[in-house]
$ cat target-v2.cif   # mmCIF, C-alpha atoms
data_start
#
loop_
_atom_site.label_atom_id
_atom_site.label_comp_id
_atom_site.auth_asym_id
_atom_site.auth_seq_id
_atom_site.Cartn_x
_atom_site.Cartn_y
_atom_site.Cartn_z
CA MET A 1 25.26 -5.47 -21.43
CA THR A 2 23.44 -8.70 -20.51
CA TRP A 3 20.52 -8.76 -18.09
CA LEU A 4 22.73 -10.51 -15.52
CA GLU A 5 25.41 -7.84 -15.88
CA LEU A 6 22.70 -5.23 -15.35
CA TYR A 7 21.64 -7.05 -12.19
CA ASP A 8 25.23 -7.23 -10.92
CA ARG A 9 25.64 -3.51 -11.50
CA ALA A 10 22.45 -2.84 -9.55
CA LEU A 11 23.66 -5.00 -6.65
CA ALA A 12 26.90 -3.03 -6.50
CA ALA A 13 25.18 0.37 -6.58
CA THR A 14 25.42 2.50 -3.47
CA GLU A 15 22.27 4.51 -4.22
CA SER A 16 18.83 2.95 -4.36
CA ALA A 17 15.25 3.40 -3.24
CA ALA A 18 13.70 0.70 -1.13
CA GLY A 19 10.23 -0.02 0.14
CA TYR A 20 9.27 -2.90 2.37
CA TYR A 21 9.48 -5.56 -0.33
CA ASN A 22 11.80 -4.39 -3.14
CA ARG A 23 14.99 -2.42 -3.76
CA ASN A 24 14.94 -0.19 -6.84
CA VAL A 25 18.15 0.84 -8.59
CA GLY A 26 18.37 3.16 -11.58
CA VAL A 27 21.03 1.90 -13.98
CA PRO A 28 22.08 3.69 -17.18
CA THR A 29 22.34 1.59 -20.34
CA PRO A 30 23.17 2.42 -23.97
CA ASP A 31 19.42 2.33 -24.65
CA GLY A 32 18.48 4.59 -21.76
CA LYS A 33 18.15 4.35 -18.00
CA VAL A 34 16.26 1.42 -16.51
CA ASN A 35 15.01 0.50 -13.05
CA VAL A 36 16.29 -2.81 -11.69
CA ARG A 37 13.82 -4.08 -9.11
CA ILE A 38 15.21 -6.64 -6.66
CA PRO A 39 13.12 -8.35 -3.95
CA LEU A 40 14.28 -7.93 -0.36
CA ALA A 41 14.99 -11.44 0.82
CA ALA A 42 14.33 -10.81 4.52
CA ALA A 43 11.13 -8.79 4.09
CA ASP A 44 8.37 -9.46 6.61
CA VAL A 45 5.21 -10.08 4.58
CA MET A 46 2.45 -8.08 6.27
CA ASP A 47 0.20 -7.38 3.30
CA LEU A 48 -2.16 -9.51 1.29
CA ARG A 49 -0.33 -10.90 -1.74
CA LEU A 50 -2.17 -12.35 -4.73
CA TRP A 51 -0.19 -12.03 -7.96
CA ARG A 52 3.37 -11.63 -9.16
CA GLU A 53 4.05 -8.06 -10.14
CA GLU A 54 5.10 -8.85 -13.69
CA GLU A 55 1.79 -10.63 -14.27
CA VAL A 56 -0.05 -7.51 -13.15
CA LEU A 57 2.00 -5.15 -15.32
CA THR A 58 1.50 -7.35 -18.37
CA SER A 59 -2.25 -7.68 -17.91
CA ILE A 60 -3.00 -4.01 -17.20
CA ARG A 61 -0.71 -2.57 -19.88
CA PRO A 62 -3.42 -2.44 -22.62
CA TYR A 63 -5.77 -0.57 -20.26
CA VAL A 64 -3.53 1.67 -18.13
CA GLY A 65 -0.97 3.99 -19.70
CA ARG A 66 1.12 5.53 -16.93
CA VAL A 67 2.67 2.46 -15.39
CA PRO A 68 6.23 1.12 -15.68
CA GLU A 69 6.99 -0.77 -18.87
CA LEU A 70 8.23 -4.27 -18.08
CA ARG A 71 11.48 -4.98 -19.93
CA HIS A 72 12.70 -8.22 -18.40
CA VAL A 73 11.96 -10.78 -15.69
CA SER A 74 14.52 -13.15 -14.20
CA GLU A 75 13.65 -16.11 -12.00
CA ASP A 76 17.14 -16.97 -10.72
CA PRO A 77 18.32 -14.58 -9.51
CA ARG A 78 14.91 -13.04 -8.99
CA PHE A 79 14.59 -9.50 -10.37
CA GLN A 80 12.67 -7.36 -12.83
CA VAL A 81 13.77 -4.58 -15.17
CA HIS A 82 11.38 -1.68 -15.79
CA HIS A 83 11.84 1.41 -17.90
CA PHE A 84 12.96 4.30 -15.70
CA ILE A 85 10.43 7.06 -15.08
CA GLU A 86 12.07 10.43 -14.60
CA GLY A 87 10.51 12.90 -12.21
CA PRO A 88 9.97 13.67 -8.53
CA VAL A 89 8.05 11.35 -6.25
CA LEU A 90 4.87 13.05 -5.02
CA ASP A 91 5.90 12.65 -1.38
CA SER A 92 9.07 14.67 -2.00
CA PHE A 93 7.13 17.90 -2.57
CA SER A 94 3.69 17.06 -1.17
CA PRO A 95 4.12 14.96 1.99
CA ARG A 96 1.35 13.05 3.69
CA GLY A 97 -1.40 15.30 5.02
CA SER A 98 -0.76 18.17 2.61
CA SER A 99 -2.66 19.15 -0.52
CA VAL A 100 -1.63 17.59 -3.83
CA PRO A 101 -1.78 19.18 -7.29
CA ALA A 102 -5.25 19.08 -8.84
CA ASN A 103 -4.09 16.97 -11.75
CA VAL A 104 -3.03 14.23 -9.34
CA LEU A 105 -6.61 13.96 -8.07
CA ASP A 106 -7.85 13.52 -11.63
CA ASP A 107 -5.13 11.03 -12.47
CA VAL A 108 -5.88 8.88 -9.42
CA VAL A 109 -9.58 8.65 -10.26
CA THR A 110 -8.77 7.98 -13.92
CA LEU A 111 -6.53 5.10 -12.86
CA MET A 112 -9.28 3.60 -10.69
CA ASP A 113 -11.71 3.87 -13.60
CA GLN A 114 -9.24 2.26 -16.02
CA LEU A 115 -8.63 -0.63 -13.63
CA ALA A 116 -12.35 -1.21 -13.13
CA ARG A 117 -12.75 -1.60 -16.90
CA ILE A 118 -10.36 -4.55 -17.13
CA PRO A 119 -12.43 -7.73 -17.69
CA GLN A 120 -11.76 -10.49 -15.19
CA GLU A 121 -10.65 -12.84 -17.95
CA LYS A 122 -7.88 -10.36 -18.85
CA ALA A 123 -6.59 -10.13 -15.29
CA PRO A 124 -4.23 -12.73 -13.82
CA LYS A 125 -5.98 -15.80 -12.46
CA VAL A 126 -7.16 -15.88 -8.85
CA PRO A 127 -6.91 -18.97 -6.63
CA ALA A 128 -9.91 -21.15 -5.86
CA HIS A 129 -10.20 -19.87 -2.28
CA TRP A 130 -10.56 -16.24 -3.39
CA PRO A 131 -14.00 -14.66 -2.81
CA ALA A 132 -16.19 -14.53 -5.91
CA SER A 133 -16.83 -11.19 -7.59
CA GLY A 134 -19.55 -9.41 -5.62
CA ASP A 135 -18.70 -11.10 -2.33
CA SER A 136 -17.63 -7.90 -0.62
CA PRO A 137 -18.14 -9.36 2.88
CA GLY A 138 -15.88 -12.29 1.98
CA PHE A 139 -13.25 -9.92 0.66
CA GLY A 140 -13.36 -7.85 3.84
CA ARG A 141 -12.96 -10.96 5.98
CA LEU A 142 -10.00 -12.02 3.83
CA LEU A 143 -8.27 -8.68 4.54
CA ALA A 144 -9.02 -8.94 8.24
CA GLY A 145 -7.74 -12.51 8.32
CA LEU A 146 -4.31 -11.37 7.18
CA THR A 147 -4.29 -8.62 9.81
CA GLN A 148 -5.22 -11.19 12.45
CA ASP A 149 -2.38 -13.44 11.28
CA VAL A 150 0.12 -10.58 11.62
CA HIS A 151 -1.13 -9.82 15.12
CA SER A 152 -0.94 -13.49 16.11
CA THR A 153 2.61 -13.77 14.73
CA TYR A 154 3.97 -10.86 16.76
CA VAL A 155 1.75 -10.65 19.82
CA ASP A 156 4.03 -12.70 22.07
CA GLU A 157 7.08 -10.56 21.27
CA TYR A 158 5.16 -7.28 21.38
CA ARG A 159 2.53 -8.02 24.01
CA ASP A 160 3.77 -5.40 26.49
CA VAL A 161 4.28 -2.80 23.76
CA PHE A 162 0.81 -3.41 22.32
CA ALA A 163 -0.69 -3.00 25.78
CA GLU A 164 1.22 0.22 26.46
CA LEU A 165 0.05 1.66 23.13
CA GLY A 166 -3.55 0.67 23.77
CA ILE A 167 -3.81 -2.04 21.11
CA PRO A 168 -6.48 -4.46 22.40
CA ASP A 169 -5.92 -8.19 22.80
CA ASP A 170 -8.57 -8.71 20.09
CA PRO A 171 -7.95 -5.68 17.87
CA LEU A 172 -10.36 -6.74 15.12
CA ALA A 173 -13.37 -7.40 17.35
CA VAL A 174 -14.78 -3.95 16.63
CA VAL A 175 -14.95 -4.52 12.84
CA GLU A 176 -15.63 -8.26 12.65
CA PRO A 177 -19.45 -8.06 13.06
CA LEU A 178 -19.67 -5.40 10.32
CA TRP A 179 -18.24 -7.26 7.32
CA GLY A 180 -21.59 -8.86 6.61
CA THR A 181 -23.15 -5.42 6.13
CA LEU A 182 -20.99 -4.55 3.10
CA THR A 183 -22.86 -3.89 -0.13
CA PRO A 184 -22.15 -6.49 -2.84
CA ARG A 185 -20.12 -4.87 -5.62
CA PRO A 186 -18.48 -6.47 -8.68
CA PHE A 187 -14.74 -6.91 -8.18
CA ALA A 188 -12.04 -5.12 -10.15
CA VAL A 189 -8.27 -5.02 -10.38
CA LEU A 190 -7.00 -2.88 -7.48
CA HIS A 191 -3.60 -1.30 -7.06
CA ALA A 192 -4.19 -1.49 -3.28
CA ASP A 193 -1.14 0.65 -2.42
CA LEU A 194 -1.81 4.07 -3.92
CA HIS A 195 0.17 6.47 -1.76
CA ARG A 196 2.50 9.42 -2.27
CA LYS A 197 5.71 7.41 -2.50
CA ASN A 198 4.25 5.29 -5.29
CA MET A 199 3.49 8.23 -7.59
CA ILE A 200 5.88 10.16 -9.82
CA VAL A 201 4.62 13.49 -11.14
CA ALA A 202 6.32 14.65 -14.33
CA ASP A 203 5.21 17.18 -16.95
CA GLY A 204 1.74 17.40 -15.44
CA ALA A 205 1.15 13.64 -15.49
CA THR A 206 1.12 11.09 -12.68
CA TRP A 207 2.82 7.71 -13.06
CA PHE A 208 1.86 4.87 -10.73
CA LEU A 209 4.54 2.52 -9.38
CA ASP A 210 4.86 -0.60 -7.25
CA TRP A 211 2.17 -3.06 -8.28
CA GLU A 212 3.29 -5.98 -6.13
CA LEU A 213 0.27 -5.68 -3.81
CA ALA A 214 -2.37 -5.51 -6.56
CA LEU A 215 -5.55 -7.43 -5.81
CA TRP A 216 -8.81 -8.60 -7.33
CA GLY A 217 -11.45 -7.17 -5.02
CA ASP A 218 -14.05 -4.63 -3.97
CA PRO A 219 -13.44 -1.22 -5.62
CA MET A 220 -14.61 0.46 -2.41
CA TYR A 221 -11.52 -0.95 -0.73
CA GLU A 222 -9.27 0.76 -3.27
CA ILE A 223 -10.49 4.21 -2.37
CA GLY A 224 -10.63 3.37 1.33
CA ILE A 225 -7.00 2.28 1.56
CA HIS A 226 -6.05 5.21 -0.69
CA PHE A 227 -7.67 7.67 1.72
CA HIS A 228 -5.96 6.00 4.66
CA LYS A 229 -2.50 6.18 3.09
CA MET A 230 -2.79 9.62 1.46
CA ASP A 231 -4.24 11.46 4.46
CA TYR A 232 -5.70 14.16 2.22
CA PRO A 233 -6.92 17.47 3.59
CA GLU A 234 -10.68 17.15 3.97
CA ASP A 235 -11.56 19.22 0.90
CA GLN A 236 -9.40 17.08 -1.39
CA ARG A 237 -10.72 13.88 0.15
CA ALA A 238 -14.25 15.03 -0.66
CA ALA A 239 -13.17 16.02 -4.18
CA VAL A 240 -11.67 12.59 -4.90
CA LEU A 241 -14.71 10.80 -3.53
CA GLY A 242 -17.06 12.93 -5.65
CA ARG A 243 -15.03 12.40 -8.82
CA TRP A 244 -14.78 8.68 -8.11
CA ARG A 245 -18.56 8.35 -7.83
CA ASP A 246 -19.04 10.42 -10.99
CA ARG A 247 -16.40 8.67 -13.10
CA LEU A 248 -16.77 4.98 -12.31
CA GLN A 249 -19.77 2.94 -13.33
CA PRO A 250 -22.41 3.04 -10.54
CA ARG A 251 -22.20 -0.71 -9.94
CA PHE A 252 -18.62 -0.24 -8.71
CA THR A 253 -19.44 2.66 -6.38
CA ASP A 254 -22.81 1.54 -5.04
CA GLY A 255 -23.28 1.50 -1.30
CA PRO A 256 -23.30 3.82 1.72
CA LEU A 257 -20.35 5.69 3.16
CA ASP A 258 -20.49 3.20 6.02
CA ASP A 259 -18.81 0.72 3.65
CA LEU A 260 -15.97 3.14 3.00
CA ASP A 261 -15.65 3.91 6.72
CA LEU A 262 -15.41 0.20 7.52
CA TYR A 263 -12.50 -0.33 5.15
CA VAL A 264 -10.74 2.76 6.53
CA ALA A 265 -11.30 1.54 10.09
CA HIS A 266 -9.72 -1.79 9.23
CA GLU A 267 -6.70 -0.10 7.65
CA ARG A 268 -6.21 2.03 10.75
CA ILE A 269 -6.22 -1.08 12.93
CA LYS A 270 -3.86 -2.88 10.59
CA SER A 271 -1.51 0.11 10.46
CA ALA A 272 -1.29 0.33 14.24
CA ILE A 273 -0.21 -3.31 14.46
CA VAL A 274 2.00 -3.54 11.38
CA ASP A 275 3.76 -0.21 11.82
CA THR A 276 4.49 -0.82 15.48
CA VAL A 277 6.48 -3.86 14.37
CA ARG A 278 8.03 -2.25 11.29
CA TYR A 279 8.97 1.02 12.96
CA SER A 280 10.48 -0.70 15.98
CA LYS A 281 12.91 -2.45 13.62
CA GLN A 282 13.68 0.75 11.73
CA LEU A 283 14.41 2.67 14.92
CA ARG A 284 17.50 0.63 15.69
CA ALA A 285 19.38 1.99 12.69
CA ALA A 286 17.78 5.44 12.63
CA ALA A 287 19.61 8.65 13.42
CA ARG A 288 17.96 11.05 15.88
CA PRO A 289 15.96 13.15 13.38
CA GLU A 290 14.60 10.09 11.59
CA ARG A 291 13.87 8.38 14.90
CA ASP A 292 11.85 11.36 16.10
CA PHE A 293 9.96 11.40 12.80
CA LEU A 294 9.12 7.68 13.01
CA ILE A 295 7.99 7.94 16.63
CA GLY A 296 5.76 10.92 15.84
CA ARG A 297 4.32 9.17 12.81
CA LEU A 298 3.58 6.02 14.82
CA ALA A 299 1.86 8.02 17.54
CA LYS A 300 -0.44 9.52 14.91
CA LYS A 301 -1.21 6.12 13.39
CA VAL A 302 -1.97 4.45 16.69
CA ASN A 303 -4.17 7.38 17.75
CA ALA A 304 -6.18 6.92 14.55
CA ALA A 305 -6.75 3.30 15.51
CA ARG A 306 -7.56 4.22 19.11
CA ARG A 307 -10.50 6.25 17.77
CA VAL A 308 -11.76 3.08 16.05
CA TRP A 309 -11.46 1.19 19.32
CA GLY A 310 -13.31 3.94 21.22
CA SER A 311 -10.23 4.98 23.18
CA PRO A 312 -9.04 8.57 23.59
CA PRO A 313 -6.46 9.51 20.92
CA ASP A 314 -4.07 10.87 23.52
CA LEU A 315 -0.97 8.81 22.83
CA THR A 316 2.04 11.12 22.80
CA PRO A 317 5.36 10.61 20.98
CA GLU A 318 7.03 10.51 24.38
CA ARG A 319 4.93 7.52 25.40
CA VAL A 320 5.68 5.78 22.10
CA ALA A 321 9.40 6.39 22.54
CA LEU A 322 9.30 4.95 26.05
CA SER A 323 7.34 1.90 24.89
CA LEU A 324 9.87 1.19 22.12
CA ALA A 325 12.98 2.16 24.08
CA ALA A 326 14.23 -1.42 24.09
CA TRP A 327 14.54 -1.28 20.30
CA TRP A 328 16.06 2.14 19.70
CA GLU A 329 18.28 2.09 22.76
CA GLY A 330 19.39 -1.46 22.13
#
$ encode --input "target-v2.cif" --output "structure tokens"
Amino acid sequence: MTWLELYDRALAATESAAGYYNRNVGVPTPDGKVNVRIPLAAADVMDLRLWREEEVLTSIRPYVGRVPELRHVSEDPRFQVHHFIEGPVLDSFSPRGSSVPANVLDDVVTLMDQLARIPQEKAPKVPAHWPASGDSPGFGRLLAGLTQDVHSTYVDEYRDVFAELGIPDDPLAVVEPLWGTLTPRPFAVLHADLHRKNMIVADGATWFLDWELALWGDPMYEIGIHFHKMDYPEDQRAAVLGRWRDRLQPRFTDGPLDDLDLYVAHERIKSAIVDTVRYSKQLRAAARPERDFLIGRLAKKVNAARRVWGSPPDLTPERVALSLAAWWEG
């Protein structure tokens, strides 16, 4: 079977797993099952993108063990082939907000430590405009700039919805003055998307998927966005933070908890904006149970951001449903 034949088989498959940027199809071959990873052509880019995923996988492979093995990359048509990792996705048995197995906590911190040990010269190159290592304030402003761009892109279409949900006209005003207070820390390779749907747990080991959003940046951001997306119970959040400070070199973890809180606050703001747009589009094709789930999830996310903005977190799913009725009724 040629690589192109493998791609054609993946295109014809009726079963796949898709995120916001790629479709993943498991395809059996004489040499074992592989994962064919195909970009979604119409994906709305709402996250900071720095490197191509295959560059990341190649550069981290000598340092990080439990990541997909890159088998092939095609430019035209654009797709990758990874070895297939058997096992359940963490979210399938430990959904957001619930406790995770203890070994997952250890594996997450081990991954962050392994990534922080990759020398910059072994990572993919960064563009000239990228903040220099140690410029944590510049990195924070870069993240916020992308969030501002997303808001500016959609504000005209979603102005009434944003207002009904309590998203301010200048949603980043509350965090903008604080970026300059961030402690300078040396940069590291960051996964930047460590959540339950990007982890496979098999035979007591955690494998980490989906490296398309990897960044070169402040290690404090890695754990901040991880906390935001995992929504750990408080005891496990504290356990991860303690192990992270113990395991990584102090220069990567230096700084007050205010730095961590700032990154989390930004992610809550970003999520309220981005997920309002994303979920509104998903609602149109969603059946009733999924629609109710998405509306409830969005209410929770916007309420988290409302706390950052100093507003009462009293947004109900009913109000969200009414605000987005034009999408799911249309």
$ resolve_selection --input "target-v2.cif" --expression "the PyMOL selection byres ((chain A and resi 168-184) around 8)" --output "PyMOL selection string"
chain A and resi 134-138+140-141+144+148+162-163+166-167+185-186+254-256+259+262+265-266+269+308-309
$ write_last_selection --input "target-v2.cif" --atoms "C-alpha atoms" --output "tab-separated table (two decimals), in the coordinates of the input"
chain	number	residue	atom	x	y	z
A	134	GLY	CA	-19.55	-9.41	-5.62
A	135	ASP	CA	-18.70	-11.10	-2.33
A	136	SER	CA	-17.63	-7.90	-0.62
A	137	PRO	CA	-18.14	-9.36	2.88
A	138	GLY	CA	-15.88	-12.29	1.98
A	140	GLY	CA	-13.36	-7.85	3.84
A	141	ARG	CA	-12.96	-10.96	5.98
A	144	ALA	CA	-9.02	-8.94	8.24
A	148	GLN	CA	-5.22	-11.19	12.45
A	162	PHE	CA	0.81	-3.41	22.32
A	163	ALA	CA	-0.69	-3.00	25.78
A	166	GLY	CA	-3.55	0.67	23.77
A	167	ILE	CA	-3.81	-2.04	21.11
A	185	ARG	CA	-20.12	-4.87	-5.62
A	186	PRO	CA	-18.48	-6.47	-8.68
A	254	ASP	CA	-22.81	1.54	-5.04
A	255	GLY	CA	-23.28	1.50	-1.30
A	256	PRO	CA	-23.30	3.82	1.72
A	259	ASP	CA	-18.81	0.72	3.65
A	262	LEU	CA	-15.41	0.20	7.52
A	265	ALA	CA	-11.30	1.54	10.09
A	266	HIS	CA	-9.72	-1.79	9.23
A	269	ILE	CA	-6.22	-1.08	12.93
A	308	VAL	CA	-11.76	3.08	16.05
A	309	TRP	CA	-11.46	1.19	19.32
$ residues_around --input "target-v2.cif" --residues "Ala41 of chain A" --least-positions-apart "2" --cutoff "12 Å" --atoms "only C-alpha atoms" --output "ChimeraX atom specification"
/A:20-23,38-39,43-45,77-79
$ atom_distance --input "target-v2.cif" --atom1 "atom CA of Glu290 of chain A" --atom2 "atom CA of Asp160 of chain A"
24.1 Å
$ residues_around --input "target-v2.cif" --residues "Tyr221 of chain A" --least-positions-apart "6" --cutoff "8 Å" --atoms "all atoms listed in the file" --output "number ranges by chain"
A: 192, 260, 263
$ atom_distance --input "target-v2.cif" --atom1 "atom CA of Tyr158 of chain A" --atom2 "atom CA of Met230 of chain A"
27.3 Å
$ closest_residue --input "target-v2.cif" --among "A:Ala214, A:Met220, A:Ala42, A:Val100" --to "Trp244 of chain A" --atoms "all atoms listed in the file"
A:Met220
$ resolve_selection --input "target-v2.cif" --expression "the PyMOL selection byres ((chain A and resi 88) around 8)" --output "MDAnalysis selection string"
chainID A and resid 86:87 89:90 92:93 200:202
$ closest_residue --input "target-v2.cif" --among "A:Pro250, A:Lys33, A:Leu165, A:Arg196" --to "Ala299 of chain A" --atoms "all atoms listed in the file"
A:Leu165
$ closest_atom_pairs --input "target-v2.cif" --of "segment 121-223 of chain A" --to "segment 51-70 of chain A" --cutoff "9 Å" --atoms "all atoms listed in the file" --output "Markdown table"
| residue | atom | partner | partner_atom | distance |
| --- | --- | --- | --- | --- |
| A:Lys122 | CA | A:Ser59 | CA | 6.3 |
| A:Ala123 | CA | A:Ser59 | CA | 5.6 |
| A:Pro124 | CA | A:Glu55 | CA | 6.4 |
| A:Lys125 | CA | A:Trp51 | CA | 8.2 |
| A:Val126 | CA | A:Trp51 | CA | 8.0 |
| A:Val189 | CA | A:Ile60 | CA | 8.7 |
| A:Ala205 | CA | A:Arg66 | CA | 8.2 |
| A:Thr206 | CA | A:Arg66 | CA | 7.0 |
| A:Trp207 | CA | A:Arg66 | CA | 4.8 |
| A:Phe208 | CA | A:Val67 | CA | 5.3 |
| A:Leu209 | CA | A:Val67 | CA | 6.3 |
| A:Asp210 | CA | A:Glu53 | CA | 8.0 |
| A:Trp211 | CA | A:Glu53 | CA | 5.7 |
| A:Glu212 | CA | A:Glu53 | CA | 4.6 |
| A:Leu213 | CA | A:Trp51 | CA | 7.6 |
| A:Ala214 | CA | A:Trp51 | CA | 7.0 |
| A:Leu215 | CA | A:Trp51 | CA | 7.4 |
$ closest_residue --input "target-v2.cif" --among "A:Met1, A:Ala17, A:Leu146, A:Ile223" --to "Gly242 of chain A" --atoms "all atoms listed in the file"
A:Ile223
$ atom_distance --input "target-v2.cif" --atom1 "atom CA of Arg297 of chain A" --atom2 "atom CA of Asp47 of chain A"
19.5 Å
$ resolve_selection --input "target-v2.cif" --expression "the PyMOL selection byres ((chain A and resi 97) around 6)" --output "ChimeraX atom specification"
/A:96,98,231-232
$ build_atoms --input "target-v2.cif" --residues "segment 93-101 of chain A" --atoms "all heavy atoms" --output "short mmCIF file (atom, residue, chain, number, x, y, z; two decimals), keeping the file's coordinate frame"
data_model
loop_
_atom_site.label_atom_id
_atom_site.label_comp_id
_atom_site.auth_asym_id
_atom_site.auth_seq_id
_atom_site.Cartn_x
_atom_site.Cartn_y
_atom_site.Cartn_z
N PHE A 93 7.55 16.49 -2.59
CA PHE A 93 7.13 17.90 -2.57
C PHE A 93 5.72 18.09 -2.03
O PHE A 93 5.28 19.22 -1.83
CB PHE A 93 7.23 18.51 -3.98
CG PHE A 93 6.33 17.88 -5.01
CD1 PHE A 93 5.05 18.36 -5.22
CD2 PHE A 93 6.79 16.83 -5.79
CE1 PHE A 93 4.23 17.78 -6.17
CE2 PHE A 93 5.98 16.26 -6.76
CZ PHE A 93 4.69 16.74 -6.95
N SER A 94 5.03 16.99 -1.76
CA SER A 94 3.69 17.06 -1.17
C SER A 94 3.55 15.91 -0.18
O SER A 94 2.94 14.89 -0.48
CB SER A 94 2.63 16.95 -2.28
OG SER A 94 1.33 16.96 -1.73
N PRO A 95 4.12 16.06 1.02
CA PRO A 95 4.12 14.96 1.99
C PRO A 95 2.73 14.67 2.53
O PRO A 95 1.79 15.46 2.38
CB PRO A 95 5.06 15.46 3.09
CG PRO A 95 5.02 16.94 2.97
CD PRO A 95 4.83 17.24 1.52
N ARG A 96 2.62 13.53 3.17
CA ARG A 96 1.35 13.05 3.69
C ARG A 96 0.67 14.11 4.55
O ARG A 96 1.29 14.73 5.41
CB ARG A 96 1.60 11.78 4.52
CG ARG A 96 0.35 11.11 5.03
CD ARG A 96 0.66 9.77 5.61
NE ARG A 96 -0.57 9.11 6.09
CZ ARG A 96 -0.67 7.81 6.34
NH1 ARG A 96 0.37 7.03 6.15
NH2 ARG A 96 -1.81 7.30 6.77
N GLY A 97 -0.62 14.32 4.28
CA GLY A 97 -1.40 15.30 5.02
C GLY A 97 -1.55 16.62 4.32
O GLY A 97 -2.43 17.41 4.66
N SER A 98 -0.69 16.90 3.32
CA SER A 98 -0.76 18.17 2.61
C SER A 98 -1.57 18.03 1.33
O SER A 98 -1.85 16.92 0.87
CB SER A 98 0.65 18.66 2.28
OG SER A 98 1.30 17.76 1.39
N SER A 99 -1.93 19.16 0.74
CA SER A 99 -2.66 19.15 -0.52
C SER A 99 -1.75 18.66 -1.65
O SER A 99 -0.54 18.85 -1.62
CB SER A 99 -3.16 20.56 -0.86
OG SER A 99 -4.10 21.01 0.10
N VAL A 100 -2.37 18.03 -2.65
CA VAL A 100 -1.63 17.59 -3.83
C VAL A 100 -2.11 18.40 -5.03
O VAL A 100 -3.20 18.98 -5.00
CB VAL A 100 -1.82 16.08 -4.08
CG1 VAL A 100 -1.45 15.28 -2.85
CG2 VAL A 100 -3.25 15.77 -4.49
N PRO A 101 -1.33 18.46 -6.10
CA PRO A 101 -1.78 19.18 -7.29
C PRO A 101 -3.10 18.62 -7.82
O PRO A 101 -3.36 17.41 -7.73
CB PRO A 101 -0.64 18.95 -8.29
CG PRO A 101 0.57 18.69 -7.44
CD PRO A 101 0.06 17.95 -6.24
#
